[in-house]
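*Asks:* Sharing structure04.csv, CSV, C-alpha atoms (C1' of nucleotides):
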chain,number,residue,atom,x,y,z
A,1,MET,CA,-9.3,22.5,24.9
A,2,PRO,CA,-11.7,25.4,24.5
A,3,GLU,CA,-10.8,25.8,20.8
A,4,LYS,CA,-11.5,29.5,20.1
A,5,ILE,CA,-13.2,29.8,16.8
A,6,SER,CA,-12.8,33.0,14.9
A,7,ARG,CA,-15.8,34.3,13.0
A,8,ARG,CA,-14.2,37.1,11.0
A,9,MET,CA,-15.2,36.9,7.3
A,10,THR,CA,-12.1,37.6,5.4
A,11,LEU,CA,-12.1,38.0,1.6
A,12,GLN,CA,-10.6,34.5,1.3
A,13,ARG,CA,-13.3,33.0,3.4
A,14,LYS,CA,-16.1,34.8,1.5
A,15,THR,CA,-14.7,33.8,-1.8
A,16,ILE,CA,-14.4,30.1,-0.8
A,17,LEU,CA,-18.0,30.2,0.6
A,18,ASN,CA,-19.4,31.8,-2.6
A,19,ILE,CA,-17.7,29.3,-4.8
A,20,LEU,CA,-18.9,26.4,-2.7
A,21,ARG,CA,-22.5,27.7,-2.8
A,22,GLN,CA,-22.4,27.9,-6.6
A,23,THR,CA,-21.9,24.2,-7.0
A,24,ASN,CA,-23.7,21.0,-6.1
A,25,SER,CA,-20.8,18.8,-6.9
A,26,HIS,CA,-19.4,18.4,-3.4
A,27,PRO,CA,-15.9,19.4,-4.4
A,28,SER,CA,-12.6,18.5,-2.7
A,29,ALA,CA,-10.3,21.0,-1.1
A,30,ASP,CA,-8.1,20.8,-4.2
A,31,GLU,CA,-11.0,21.5,-6.6
A,32,ILE,CA,-12.1,24.4,-4.5
A,33,TYR,CA,-8.5,25.7,-4.5
A,34,GLU,CA,-8.4,25.6,-8.3
A,35,SER,CA,-11.6,27.6,-8.5
A,36,VAL,CA,-10.7,30.2,-5.9
A,37,ARG,CA,-7.4,30.8,-7.6
A,38,LYS,CA,-9.2,32.3,-10.6
A,39,GLN,CA,-10.4,35.1,-8.3
A,40,LEU,CA,-7.6,35.2,-5.8
A,41,PRO,CA,-4.5,34.0,-7.7
A,42,ARG,CA,-2.2,34.4,-4.6
A,43,ILE,CA,-4.3,32.3,-2.2
A,44,SER,CA,-2.5,29.3,-0.8
A,45,LEU,CA,-3.8,25.7,-0.5
A,46,GLY,CA,-3.2,25.8,3.2
A,47,THR,CA,-5.5,28.8,3.5
A,48,VAL,CA,-8.2,26.9,1.7
A,49,TYR,CA,-7.9,24.0,4.0
A,50,ARG,CA,-7.9,26.1,7.1
A,51,ASN,CA,-10.9,28.2,6.1
A,52,LEU,CA,-12.9,25.2,5.0
A,53,GLU,CA,-12.3,23.9,8.5
A,54,VAL,CA,-13.2,27.2,10.1
A,55,LEU,CA,-16.4,27.4,8.0
A,56,ALA,CA,-17.3,23.9,9.0
A,57,ASN,CA,-16.7,24.7,12.7
A,58,MET,CA,-18.9,27.7,12.3
A,59,GLY,CA,-21.7,25.4,11.1
A,60,ILE,CA,-22.0,27.3,7.8
A,61,ILE,CA,-20.8,24.4,5.6
A,62,GLN,CA,-20.3,20.7,6.1
A,63,LYS,CA,-17.2,18.6,5.9
A,64,LEU,CA,-17.9,15.2,4.4
A,65,GLU,CA,-15.8,12.1,5.4
A,66,LEU,CA,-17.0,9.6,2.8
A,67,GLY,CA,-15.4,6.5,1.6
A,68,GLY,CA,-12.1,6.8,-0.2
A,69,THR,CA,-9.3,9.0,0.9
A,70,ILE,CA,-10.3,12.6,0.2
A,71,LYS,CA,-12.6,14.9,2.1
A,72,ARG,CA,-15.3,16.8,0.3
A,73,PHE,CA,-17.3,19.8,1.2
A,74,ASP,CA,-21.0,20.7,1.1
A,75,TRP,CA,-22.5,24.1,1.2
A,76,ASN,CA,-25.5,22.6,2.9
A,77,PRO,CA,-24.7,22.3,6.6
A,78,ASN,CA,-27.8,20.2,7.3
A,79,LYS,CA,-27.6,16.5,7.9
A,80,HIS,CA,-28.3,14.5,4.8
A,81,TYR,CA,-26.9,11.5,3.0
A,82,HIS,CA,-24.9,11.1,-0.1
A,83,ILE,CA,-24.3,8.7,-3.0
A,84,ARG,CA,-20.8,8.1,-4.2
A,85,CYS,CA,-19.7,6.8,-7.6
A,86,LEU,CA,-17.4,3.8,-7.0
A,87,CYS,CA,-15.8,4.5,-10.4
A,88,CYS,CA,-15.1,8.2,-10.6
A,89,GLY,CA,-15.7,9.4,-7.0
A,90,LYS,CA,-18.5,11.8,-8.0
A,91,VAL,CA,-20.9,12.6,-5.1
A,92,ASP,CA,-24.5,13.4,-5.2
A,93,ASN,CA,-27.2,13.9,-2.5
A,94,ALA,CA,-29.3,10.9,-1.6
A,95,PRO,CA,-33.0,11.8,-1.6
A,96,ILE,CA,-33.8,10.0,1.6
A,97,ALA,CA,-34.8,11.4,5.0
A,98,PRO,CA,-32.4,11.2,8.0
A,99,LEU,CA,-32.9,8.0,10.0
A,100,ASN,CA,-33.2,9.5,13.5
A,101,LYS,CA,-34.1,6.4,15.3
A,102,LEU,CA,-31.1,4.3,14.3
A,103,GLU,CA,-29.1,5.0,17.4
A,104,ASP,CA,-32.0,3.8,19.6
A,105,GLU,CA,-31.5,0.3,18.4
A,106,LEU,CA,-28.0,0.3,20.0
A,107,TYR,CA,-28.8,1.6,23.4
A,108,GLY,CA,-27.9,-1.0,26.0
A,109,ALA,CA,-26.4,-3.2,23.3
A,110,THR,CA,-23.0,-1.6,23.2
A,111,VAL,CA,-20.5,-0.2,25.7
A,112,PHE,CA,-19.9,2.8,23.5
A,113,SER,CA,-21.8,6.1,24.1
A,114,ILE,CA,-23.2,6.8,20.7
A,115,ILE,CA,-23.3,10.3,19.2
A,116,GLY,CA,-24.6,9.7,15.7
A,117,HIS,CA,-24.0,7.8,12.5
A,118,ARG,CA,-22.8,8.2,9.0
A,119,LEU,CA,-24.6,6.6,6.1
A,120,GLU,CA,-23.4,6.7,2.5
A,121,PHE,CA,-24.7,4.9,-0.6
A,122,GLU,CA,-22.4,3.5,-3.2
A,123,GLY,CA,-23.1,3.0,-6.8
A,124,PHE,CA,-22.3,4.3,-10.3
A,125,CYS,CA,-23.1,7.7,-11.7
A,126,PRO,CA,-24.9,7.8,-15.2
A,127,ASP,CA,-21.6,8.5,-17.0
A,128,CYS,CA,-19.8,5.6,-15.5
A,129,THR,CA,-22.8,3.3,-15.9
A,130,LYS,CA,-22.9,4.2,-19.6
A,131,ARG,CA,-19.1,3.7,-20.0
A,132,GLU,CA,-19.3,0.3,-18.4
A,133,ALA,CA,-22.2,-0.8,-20.6
A,134,GLN,CA,-20.2,0.2,-23.8
A,135,LYS,CA,-17.3,-2.0,-22.8
A,136,THR,CA,-19.4,-5.2,-23.1
B,1,MET,CA,-9.2,-5.9,-16.9
B,2,PRO,CA,-9.7,-9.4,-15.8
B,3,GLU,CA,-7.5,-8.9,-12.7
B,4,LYS,CA,-6.2,-12.4,-12.0
B,5,ILE,CA,-6.2,-13.1,-8.3
B,6,SER,CA,-3.7,-15.5,-6.9
B,7,ARG,CA,-5.0,-17.8,-4.2
B,8,ARG,CA,-1.7,-19.3,-3.0
B,9,MET,CA,-1.4,-19.3,0.8
B,10,THR,CA,2.1,-18.2,1.5
B,11,LEU,CA,3.5,-18.2,5.0
B,12,GLN,CA,3.2,-14.4,5.1
B,13,ARG,CA,-0.5,-14.6,4.1
B,14,LYS,CA,-1.2,-17.3,6.7
B,15,THR,CA,0.5,-15.4,9.4
B,16,ILE,CA,-1.4,-12.2,8.7
B,17,LEU,CA,-4.6,-14.1,8.6
B,18,ASN,CA,-4.0,-15.8,11.9
B,19,ILE,CA,-3.1,-12.6,13.6
B,20,LEU,CA,-6.1,-10.9,12.3
B,21,ARG,CA,-8.3,-13.8,13.4
B,22,GLN,CA,-6.9,-13.6,16.9
B,23,THR,CA,-8.2,-10.1,17.5
B,24,ASN,CA,-11.5,-8.3,17.5
B,25,SER,CA,-9.9,-4.8,17.5
B,26,HIS,CA,-10.2,-4.1,13.7
B,27,PRO,CA,-6.5,-3.3,13.4
B,28,SER,CA,-4.9,-1.0,10.8
B,29,ALA,CA,-2.3,-2.2,8.4
B,30,ASP,CA,0.4,-0.8,10.5
B,31,GLU,CA,-0.8,-2.5,13.7
B,32,ILE,CA,-0.9,-5.8,11.8
B,33,TYR,CA,2.6,-5.1,10.5
B,34,GLU,CA,3.9,-4.7,14.1
B,35,SER,CA,2.3,-7.9,15.2
B,36,VAL,CA,3.4,-10.0,12.2
B,37,ARG,CA,6.9,-8.7,12.7
B,38,LYS,CA,7.2,-10.6,16.0
B,39,GLN,CA,6.8,-13.9,14.0
B,40,LEU,CA,8.3,-12.8,10.7
B,41,PRO,CA,10.9,-10.1,11.5
B,42,ARG,CA,11.9,-9.7,7.9
B,43,ILE,CA,8.4,-9.0,6.5
B,44,SER,CA,7.9,-5.7,4.8
B,45,LEU,CA,5.1,-3.2,5.2
B,46,GLY,CA,4.3,-3.4,1.5
B,47,THR,CA,3.8,-7.2,1.8
B,48,VAL,CA,1.3,-6.6,4.6
B,49,TYR,CA,-0.6,-4.1,2.5
B,50,ARG,CA,-0.6,-6.3,-0.6
B,51,ASN,CA,-1.7,-9.4,1.2
B,52,LEU,CA,-4.4,-7.7,3.1
B,53,GLU,CA,-5.7,-6.5,-0.2
B,54,VAL,CA,-5.4,-10.0,-1.7
B,55,LEU,CA,-7.2,-11.6,1.3
B,56,ALA,CA,-10.0,-9.0,1.0
B,57,ASN,CA,-10.3,-9.8,-2.7
B,58,MET,CA,-10.5,-13.5,-2.0
B,59,GLY,CA,-13.4,-12.6,0.3
B,60,ILE,CA,-11.7,-14.1,3.4
B,61,ILE,CA,-11.4,-10.8,5.2
B,62,GLN,CA,-13.0,-7.4,4.9
B,63,LYS,CA,-11.3,-4.1,4.3
B,64,LEU,CA,-13.1,-1.3,6.2
B,65,GLU,CA,-13.2,2.3,4.9
B,66,LEU,CA,-14.5,4.1,7.9
B,67,GLY,CA,-14.3,7.8,8.7
B,68,GLY,CA,-10.9,9.2,9.4
B,69,THR,CA,-7.9,8.6,7.2
B,70,ILE,CA,-6.8,5.1,7.9
B,71,LYS,CA,-8.1,1.8,6.7
B,72,ARG,CA,-8.9,-1.1,9.1
B,73,PHE,CA,-9.3,-4.8,8.6
B,74,ASP,CA,-11.8,-7.3,9.9
B,75,TRP,CA,-11.4,-11.0,10.0
B,76,ASN,CA,-15.2,-11.4,9.5
B,77,PRO,CA,-16.0,-11.0,5.8
B,78,ASN,CA,-19.7,-10.8,6.3
B,79,LYS,CA,-21.5,-7.5,6.1
B,80,HIS,CA,-22.0,-5.8,9.4
B,81,TYR,CA,-21.8,-2.4,10.9
B,82,HIS,CA,-19.3,-0.7,13.2
B,83,ILE,CA,-19.0,1.9,15.9
B,84,ARG,CA,-15.9,4.2,15.8
B,85,CYS,CA,-14.6,6.2,18.8
B,86,LEU,CA,-14.3,9.8,17.8
B,87,CYS,CA,-11.6,10.3,20.3
B,88,CYS,CA,-9.1,7.4,19.9
B,89,GLY,CA,-10.3,5.8,16.7
B,90,LYS,CA,-11.1,2.4,18.3
B,91,VAL,CA,-13.6,0.3,16.3
B,92,ASP,CA,-16.1,-2.2,17.6
B,93,ASN,CA,-18.9,-4.1,16.0
B,94,ALA,CA,-22.3,-2.6,16.0
B,95,PRO,CA,-24.9,-5.1,17.2
B,96,ILE,CA,-27.6,-4.2,14.7
B,97,ALA,CA,-28.9,-6.2,11.7
B,98,PRO,CA,-28.1,-5.2,8.1
B,99,LEU,CA,-30.6,-2.8,6.7
B,100,ASN,CA,-31.3,-4.6,3.4
B,101,LYS,CA,-34.2,-2.4,2.3
B,102,LEU,CA,-32.4,0.9,2.4
B,103,GLU,CA,-31.6,0.9,-1.3
B,104,ASP,CA,-35.2,0.4,-2.2
B,105,GLU,CA,-36.1,3.9,-1.0
B,106,LEU,CA,-33.8,5.4,-3.6
B,107,TYR,CA,-35.0,3.5,-6.7
B,108,GLY,CA,-36.4,6.0,-9.2
B,109,ALA,CA,-35.3,8.9,-6.9
B,110,THR,CA,-31.8,9.1,-8.2
B,111,VAL,CA,-29.9,8.8,-11.5
B,112,PHE,CA,-27.2,6.7,-9.9
B,113,SER,CA,-27.4,2.9,-10.1
B,114,ILE,CA,-27.0,1.9,-6.5
B,115,ILE,CA,-24.9,-1.0,-5.4
B,116,GLY,CA,-25.0,-0.8,-1.6
B,117,HIS,CA,-24.4,1.4,1.4
B,118,ARG,CA,-22.0,2.0,4.2
B,119,LEU,CA,-23.3,2.7,7.7
B,120,GLU,CA,-21.1,3.6,10.6
B,121,PHE,CA,-21.9,4.7,14.1
B,122,GLU,CA,-19.9,7.4,15.9
B,123,GLY,CA,-19.4,7.7,19.6
B,124,PHE,CA,-17.0,7.4,22.5
B,125,CYS,CA,-15.5,4.1,23.8
B,126,PRO,CA,-15.7,3.5,27.5
B,127,ASP,CA,-12.1,4.6,28.1
B,128,CYS,CA,-12.5,7.9,26.3
B,129,THR,CA,-15.9,8.5,28.0
B,130,LYS,CA,-14.3,8.0,31.4
B,131,ARG,CA,-11.4,10.2,30.5
B,132,GLU,CA,-13.6,13.0,29.3
B,133,ALA,CA,-15.7,12.8,32.5
B,134,GLN,CA,-12.6,13.2,34.7
B,135,LYS,CA,-11.6,16.4,33.0
B,136,THR,CA,-14.7,18.2,34.3
C,1,DT,C1',0.2,55.1,16.7
C,2,DT,C1',1.0,51.4,19.0
C,3,DG,C1',0.5,47.2,20.5
C,4,DA,C1',-2.1,42.8,20.5
C,5,DT,C1',-4.3,39.4,17.9
C,6,DA,C1',-5.7,36.8,13.9
C,7,DA,C1',-5.1,35.6,9.1
C,8,DT,C1',-2.2,35.0,5.4
C,9,DA,C1',1.2,32.9,1.7
C,10,DG,C1',4.5,29.8,0.9
C,11,DG,C1',6.7,25.9,1.7
C,12,DA,C1',8.2,22.0,4.5
C,13,DA,C1',6.7,18.0,6.9
C,14,DT,C1',3.7,14.2,7.9
C,15,DG,C1',1.3,9.9,7.4
C,16,DA,C1',-1.0,6.4,5.1
C,17,DT,C1',-0.8,4.1,1.0
C,18,DT,C1',0.8,2.5,-3.6
C,19,DA,C1',4.2,1.5,-7.0
C,20,DT,C1',8.8,-0.1,-8.5
C,21,DT,C1',12.4,-3.2,-8.9
C,22,DA,C1',15.7,-6.6,-8.1
C,23,DT,C1',15.7,-10.9,-5.9
C,24,DT,C1',13.9,-15.2,-4.1
C,25,DA,C1',10.6,-19.0,-3.6
C,26,DG,C1',7.3,-22.2,-5.5
C,27,DT,C1',5.5,-25.1,-9.2
C,28,DA,C1',5.3,-27.8,-13.3
C,29,DT,C1',7.7,-30.1,-17.0
C,30,DT,C1',10.9,-32.7,-18.9
D,1,DA,C1',17.4,-33.2,-10.7
D,2,DA,C1',17.8,-29.4,-14.1
D,3,DT,C1',15.1,-26.2,-16.4
D,4,DA,C1',11.8,-22.6,-17.3
D,5,DC,C1',8.1,-20.0,-15.7
D,6,DT,C1',5.3,-17.5,-12.6
D,7,DA,C1',4.2,-15.4,-8.3
D,8,DA,C1',5.6,-13.4,-4.1
D,9,DT,C1',8.8,-11.0,-1.5
D,10,DA,C1',11.9,-7.2,0.8
D,11,DA,C1',13.3,-2.8,0.4
D,12,DT,C1',12.7,1.4,-0.9
D,13,DA,C1',11.0,5.3,-3.6
D,14,DA,C1',7.1,7.8,-5.0
D,15,DT,C1',2.5,9.7,-4.3
D,16,DC,C1',-1.2,12.1,-2.6
D,17,DA,C1',-4.1,14.5,0.7
D,18,DT,C1',-3.6,16.9,4.5
D,19,DT,C1',-1.4,19.4,8.4
D,20,DC,C1',2.1,22.1,10.4
D,21,DC,C1',5.5,25.9,10.6
D,22,DT,C1',7.2,30.5,10.1
D,23,DA,C1',7.8,35.0,8.7
D,24,DT,C1',4.8,38.6,7.1
D,25,DT,C1',0.7,41.3,6.7
D,26,DA,C1',-3.9,42.9,7.9
D,27,DT,C1',-7.4,44.2,11.4
D,28,DC,C1',-9.0,45.9,15.6
D,29,DA,C1',-8.9,48.3,20.2
D,30,DA,C1',-6.9,51.4,23.4
What would you get if you wrote out this structure as structure tokens?

*Replies:*
Amino acid sequence: MPEKISRRMTLQRKTILNILRQTNSHPSADEIYESVRKQLPRISLGTVYRNLEVLANMGIIQKLELGGTIKRFDWNPNKHYHIRCLCCGKVDNAPIAPLNKLEDELYGATVFSIIGHRLEFEGFCPDCTKREAQKT
Amino acid sequence: MPEKISRRMTLQRKTILNILRQTNSHPSADEIYESVRKQLPRISLGTVYRNLEVLANMGIIQKLELGGTIKRFDWNPNKHYHIRCLCCGKVDNAPIAPLNKLEDELYGATVFSIIGHRLEFEGFCPDCTKREAQKT
DNA sequence: TTGATAATAGGAATGATTATTATTAGTATT
DNA sequence: AATACTAATAATAATCATTCCTATTATCAA
């Protein structure tokens, strides 16, 4: 399928992009929807999903498929890794350079043709670490 | 919460475990359900989910949270990586040793307390590679 | 202005998973 | 063996994120 991608920047698209760029919290579609609604009260959740998809396909933003069930979005389209809080789901950037040589180790060792990899760190954010410590 | 884990091996549990151990295909809960049904026609999908969870908590099997929406299960509870086909979702083991030093690079560089990481390779399985090649 | 195309809002539908509940099976104690 | 107790089950309902559908509206080109 040739998958024609539209590149028109509608008001909805611009608004979503602006809101995403104002945050470092890697929000979910639903969180973005709640924010956008303050500026465009009539926007629909479906529009948010579709436009996040479009913006990701345009390479302007990045769709994150991390552990857990929900997808998150990152204003930074460049490849980088993330840390996810196992307690509250919060996501932060992982300050580590991309491992570009990883795929090489697999050449010849697998029948799959390898495109890339996804790496994600798991841990606890400061808030949840503190909360756990208080319990004891 | 202390979360008491039962360790009783019921017939359903044994059957699920056996079926999982007979395959290397990292099946989803639904696929396991379909297989188990041939031996225990009256088993319910909920039982399959619950027992897969129990077996994973017992450390006997491993629950995989890979990219995409569905969870898959692995009879091998030891830490190892996987390759996922971007086309059909098939999952295979990745013949590469665990990267135990990865977390070290983040110490002091993040406010999160790090527990571990998840690494997953993406690519195309032989079947899907072939199919794609034929299209052109 | 008119048609063609793309984007939208709103809501319905889907799909995987989890929760609920009444019932049954298993175990230990007398 | 009868009892009481707990855990596990089947069946189904509920949930939650996401995708799909449809009628309407906006945008652009001729």

*Asks:* As a list in words, please: the residues near region 47-60 of chain B (cut-off 9 Å, only C-alpha atoms (C1' of nucleotides), same-chain neighbours under 6 positions excluded).

*Replies:* Ile5, Ser6, Arg7, Gln12, Arg13, Ile16, Leu17, Ala29, Asp30, Ile32, Tyr33, Val36, Phe73, Trp75, Asn76, Pro77 and Asn78 of chain B; DT17 of chain C; DA8, DT9 and DA10 of chain D

*Asks:* Can you tell me, as a list of chain:residue names, what residues are no more than 10 Å from DT27 (chain C) when counting only C-alpha atoms (C1' of nucleotides), ignoring any on the same chain fewer than 2 positions away?

*Replies:*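 The filter keeps C:DA25, C:DT29, D:DC5, D:DT6, D:DA7.
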
*Asks:* Specify as a VMD selection string all residues of chain C found within 9 Å of chain A, counting all atoms listed in the file.

*Replies:* chain C and resid 6 to 10

*Asks:* My list of candidates is A:Val111, A:Asn18, A:Gln39, A:Arg72. Which is closest to chain D when distances are computed with all atoms listed in the file?

*Replies:*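 Closest to chain D, using all atoms listed in the file: A:Arg72.
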
*Asks:* Return as a PyMOL selection string the residues belonging to chain A that are within 12 Å of chain B, counting only C-alpha atoms.

*Replies:* chain A and resi 1+63-71+81-87+90-99+102-130+132+135-136

*Asks:* Near DT30 (chain C), counting only C-alpha atoms (C1' of nucleotides), which residues have an atom at most 12 Å away, once you skip same-chain residues fewer than 2 positions from it, shown as a ChimeraX atom specification?

*Replies:* /C:28 /D:1-4

*Asks:* What is the CA of Pro27 (chain B)-C1' of DA17 (chain D) distance in Å, reported with one decimal?

*Replies:* 22.0 Å

*Asks:* Counting all atoms listed in the file, which residues of chain D come no farther than 10 Å from chain A, as a ChimeraX atom specification?

*Replies:* /D:16-20,27

*Asks:* Would you mind reading off the distance between CA of Glu34 (chain B) and CA of Thr15 (chain B), one decimal, in Å?

*Replies:*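 Straight-line distance from CA of Glu34 (chain B) to CA of Thr15 (chain B) works out to 12.2 Å.
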
*Asks:* Using C1' of DA12 (chain C) and C1' of DT22 (chain D) as the two end points, give the distance in Å to one decimal.

*Replies:*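 Taking C1' of DA12 (chain C) as the start and C1' of DT22 (chain D) as the end point, the length is 10.2 Å.
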
*Asks:* Keeping C-alpha atoms, write region 35-129 of chain A of the structure just shown out as an mmCIF file, in the first residue's frame.

*Replies:*
data_model
loop_
_atom_site.group_PDB
_atom_site.id
_atom_site.type_symbol
_atom_site.label_atom_id
_atom_site.label_comp_id
_atom_site.auth_asym_id
_atom_site.auth_seq_id
_atom_site.Cartn_x
_atom_site.Cartn_y
_atom_site.Cartn_z
ATOM 1 C CA SER A 35 -4.844 19.551 27.220
ATOM 2 C CA VAL A 36 -5.933 20.328 23.680
ATOM 3 C CA ARG A 37 -9.548 20.553 24.797
ATOM 4 C CA LYS A 38 -8.731 23.680 26.784
ATOM 5 C CA GLN A 39 -7.905 25.433 23.523
ATOM 6 C CA LEU A 40 -10.227 23.575 21.171
ATOM 7 C CA PRO A 41 -13.174 22.393 23.258
ATOM 8 C CA ARG A 42 -14.878 20.745 20.298
ATOM 9 C CA ILE A 43 -11.961 18.531 19.231
ATOM 10 C CA SER A 44 -12.644 14.828 19.306
ATOM 11 C CA LEU A 45 -10.475 12.079 20.735
ATOM 12 C CA GLY A 46 -10.411 10.371 17.343
ATOM 13 C CA THR A 47 -8.915 13.494 15.781
ATOM 14 C CA VAL A 48 -6.185 13.526 18.399
ATOM 15 C CA TYR A 49 -5.312 9.907 17.710
ATOM 16 C CA ARG A 50 -5.347 10.381 13.950
ATOM 17 C CA ASN A 51 -3.230 13.488 14.021
ATOM 18 C CA LEU A 52 -0.689 12.037 16.420
ATOM 19 C CA GLU A 53 -0.378 9.201 13.922
ATOM 20 C CA VAL A 54 -0.036 11.646 11.025
ATOM 21 C CA LEU A 55 2.572 13.732 12.820
ATOM 22 C CA ALA A 56 4.510 10.586 13.653
ATOM 23 C CA ASN A 57 4.392 9.456 10.027
ATOM 24 C CA MET A 58 5.636 12.881 8.974
ATOM 25 C CA GLY A 59 8.610 12.300 11.251
ATOM 26 C CA ILE A 60 7.839 15.425 13.291
ATOM 27 C CA ILE A 61 7.103 13.556 16.512
ATOM 28 C CA GLN A 62 7.679 10.031 17.784
ATOM 29 C CA LYS A 63 5.177 7.419 18.868
ATOM 30 C CA LEU A 64 6.488 5.358 21.773
ATOM 31 C CA GLU A 65 5.479 1.749 22.275
ATOM 32 C CA LEU A 66 6.804 1.107 25.733
ATOM 33 C CA GLY A 67 5.887 -1.584 28.201
ATOM 34 C CA GLY A 68 2.389 -1.517 29.562
ATOM 35 C CA THR A 69 -0.675 -1.004 27.453
ATOM 36 C CA ILE A 70 -0.795 2.637 26.474
ATOM 37 C CA LYS A 71 1.131 4.461 23.793
ATOM 38 C CA ARG A 72 2.942 7.695 24.559
ATOM 39 C CA PHE A 73 4.179 10.509 22.392
ATOM 40 C CA ASP A 74 7.451 12.399 22.267
ATOM 41 C CA TRP A 75 7.987 15.772 20.613
ATOM 42 C CA ASN A 76 11.545 14.663 19.875
ATOM 43 C CA PRO A 77 11.543 12.498 16.728
ATOM 44 C CA ASN A 78 15.170 11.449 17.149
ATOM 45 C CA LYS A 79 16.033 7.980 18.346
ATOM 46 C CA HIS A 80 16.649 7.875 22.086
ATOM 47 C CA TYR A 81 15.838 5.626 24.996
ATOM 48 C CA HIS A 82 13.460 6.005 27.924
ATOM 49 C CA ILE A 83 13.030 5.030 31.548
ATOM 50 C CA ARG A 84 9.589 4.020 32.728
ATOM 51 C CA CYS A 85 8.381 4.030 36.317
ATOM 52 C CA LEU A 86 7.009 0.595 37.140
ATOM 53 C CA CYS A 87 4.772 2.146 39.776
ATOM 54 C CA CYS A 88 3.077 5.146 38.170
ATOM 55 C CA GLY A 89 3.999 4.778 34.499
ATOM 56 C CA LYS A 90 5.848 8.091 34.299
ATOM 57 C CA VAL A 91 8.378 8.201 31.445
ATOM 58 C CA ASP A 92 11.649 10.102 31.287
ATOM 59 C CA ASN A 93 14.490 10.215 28.795
ATOM 60 C CA ALA A 94 17.394 7.868 29.441
ATOM 61 C CA PRO A 95 20.703 9.745 29.177
ATOM 62 C CA ILE A 96 22.534 7.081 27.187
ATOM 63 C CA ALA A 97 23.684 7.139 23.580
ATOM 64 C CA PRO A 98 21.980 4.907 20.985
ATOM 65 C CA LEU A 99 23.573 1.480 20.641
ATOM 66 C CA ASN A 100 24.046 1.371 16.905
ATOM 67 C CA LYS A 101 26.085 -1.789 16.778
ATOM 68 C CA LEU A 102 23.603 -4.036 18.557
ATOM 69 C CA GLU A 103 22.066 -5.435 15.369
ATOM 70 C CA ASP A 104 25.473 -6.516 14.099
ATOM 71 C CA GLU A 105 25.684 -9.170 16.774
ATOM 72 C CA LEU A 106 22.667 -10.881 15.291
ATOM 73 C CA TYR A 107 23.703 -11.030 11.652
ATOM 74 C CA GLY A 108 23.911 -14.639 10.575
ATOM 75 C CA ALA A 109 22.609 -15.801 13.945
ATOM 76 C CA THR A 110 18.931 -15.395 13.100
ATOM 77 C CA VAL A 111 16.663 -16.058 10.152
ATOM 78 C CA PHE A 112 14.889 -12.740 10.703
ATOM 79 C CA SER A 113 15.944 -9.684 8.751
ATOM 80 C CA ILE A 114 16.559 -7.117 11.430
ATOM 81 C CA ILE A 115 15.435 -3.529 11.131
ATOM 82 C CA GLY A 116 16.211 -2.111 14.555
ATOM 83 C CA HIS A 117 15.642 -2.462 18.254
ATOM 84 C CA ARG A 118 13.724 -0.994 21.144
ATOM 85 C CA LEU A 119 15.393 -0.533 24.496
ATOM 86 C CA GLU A 120 13.663 0.712 27.601
ATOM 87 C CA PHE A 121 14.811 0.974 31.180
ATOM 88 C CA GLU A 122 12.538 0.128 34.069
ATOM 89 C CA GLY A 123 12.707 1.569 37.561
ATOM 90 C CA PHE A 124 11.039 3.893 40.010
ATOM 91 C CA CYS A 125 10.648 7.636 39.731
ATOM 92 C CA PRO A 126 11.695 9.803 42.722
ATOM 93 C CA ASP A 127 8.101 10.199 43.934
ATOM 94 C CA CYS A 128 7.379 6.483 43.925
ATOM 95 C CA THR A 129 10.752 5.637 45.457
#
